[in-house]
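Undergrad: Handing you this structure, nothing more for now.
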Amino acid sequence: MRERYCIIHVWKILNDFAPNDIGMKFNHHISASEPMNDTVQVSVRTDYDNSFKIKAGKLYGTCCQTLSTPSPSSLDQFKIALGKFLKKFPDTPPVPGYTSANRNSLLDWKNEKGGRT
């Protein structure tokens, strides 16, 4: 799952296992940068919102408060905790000819009413 990889990579950046060459800022929550203003062209804003820096930060933010691992230096423990967290959400990829509830993104499931957390 691509979203799982994004979350793991942000964790690696946060814990100095990967370089922070995209300039993610870590406070009490993950922040990519300042939001774009409303005068920016819609296609540019869409590209910005779909960039790795923004999307991965949002994905990590959906689960980082829920996940707790005994040691921040243990990637394997984080992956196990992340796997347990992701199992709480249905995996319903879009199928041609059928109407899907959403795009099957963790962000969509977290935002839906009644989504399991």
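Labels for the structure tokens follow display order: chains A, B, ..., residues from 1 in each chain, ligands from 1.
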Taking 3 positions as the minimum chain separation for residues in the same chain, which residues sit within 12 Å of A:Asp91 when counting only C-alpha atoms? Answer as a ChimeraX atom specification.
TA: /A:1,86-88,94-95,100-106,108-109
Undergrad: Could you work out how far atom CA of A:Val44 lies from atom CA of A:Tyr60, giving the answer in Å with one decimal?
TA: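 So the answer is 23.0 Å.
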Undergrad: To one decimal place in Å, what is the distance between atom CA of A:Cys64 and atom CA of A:Asp38?
TA: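 About the pair atom CA of A:Cys64 and atom CA of A:Asp38: they are 28.9 Å apart.
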Undergrad: Distance atom CA of A:Asp21-atom CA of A:Phe85, one decimal place?
TA: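 We find that atom CA of A:Asp21 and atom CA of A:Phe85 lie 27.6 Å from each other.
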Undergrad: Which residue, A:Ile8, A:Leu75, A:Ile54, A:Val40, has the smallest gap to A:Ile22 when you use only C-alpha atoms?
TA: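 Distance minimum relative to A:Ile22 lands on A:Ile54.
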Undergrad: Can you tell me, as a ChimeraX atom specification, what residues are no more than 9 Å from A:Leu59 when counting only C-alpha atoms, ignoring any on the same chain fewer than 6 positions away?
TA: /A:3-4,6-7,106-107
Undergrad: Any chance you could export the current selection's C-alpha atoms as a PDB file, in the first residue's frame?
TA:
ATOM      1  CA  GLU A   3       0.027   5.200   1.850  1.00  0.00           C
ATOM      2  CA  ARG A   4       1.708   2.781   4.262  1.00  0.00           C
ATOM      3  CA  CYS A   6       4.432   7.285   2.918  1.00  0.00           C
ATOM      4  CA  ILE A   7       3.700   6.981   6.642  1.00  0.00           C
ATOM      5  CA  LEU A 106      -6.824   6.390   4.657  1.00  0.00           C
ATOM      6  CA  LEU A 107      -7.606  10.118   4.591  1.00  0.00           C
TER       7      LEU A 107
END
Undergrad: Counting only C-alpha atoms, which of A:Phe89, A:Ile13, A:Pro96, A:Met24 gets nearest to A:Lys55?
TA: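 Comparing A:Phe89, A:Ile13, A:Pro96, A:Met24 against A:Lys55, the winner is A:Met24.
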Undergrad: Using only C-alpha atoms, which residue out of A:Tyr48, A:Leu82, A:Leu67, A:Leu14 lies closest to A:Asn27?
TA: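 Closest candidate: A:Leu14.
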Undergrad: Taking the DSSP assignment computed from this structure's backbone, write out as a VMD selection string all residues of stretch 7-56 of chain A that belong to helix (DSSP H, G or I).
TA: chain A and resid 7 to 14 42 to 49 52 to 56
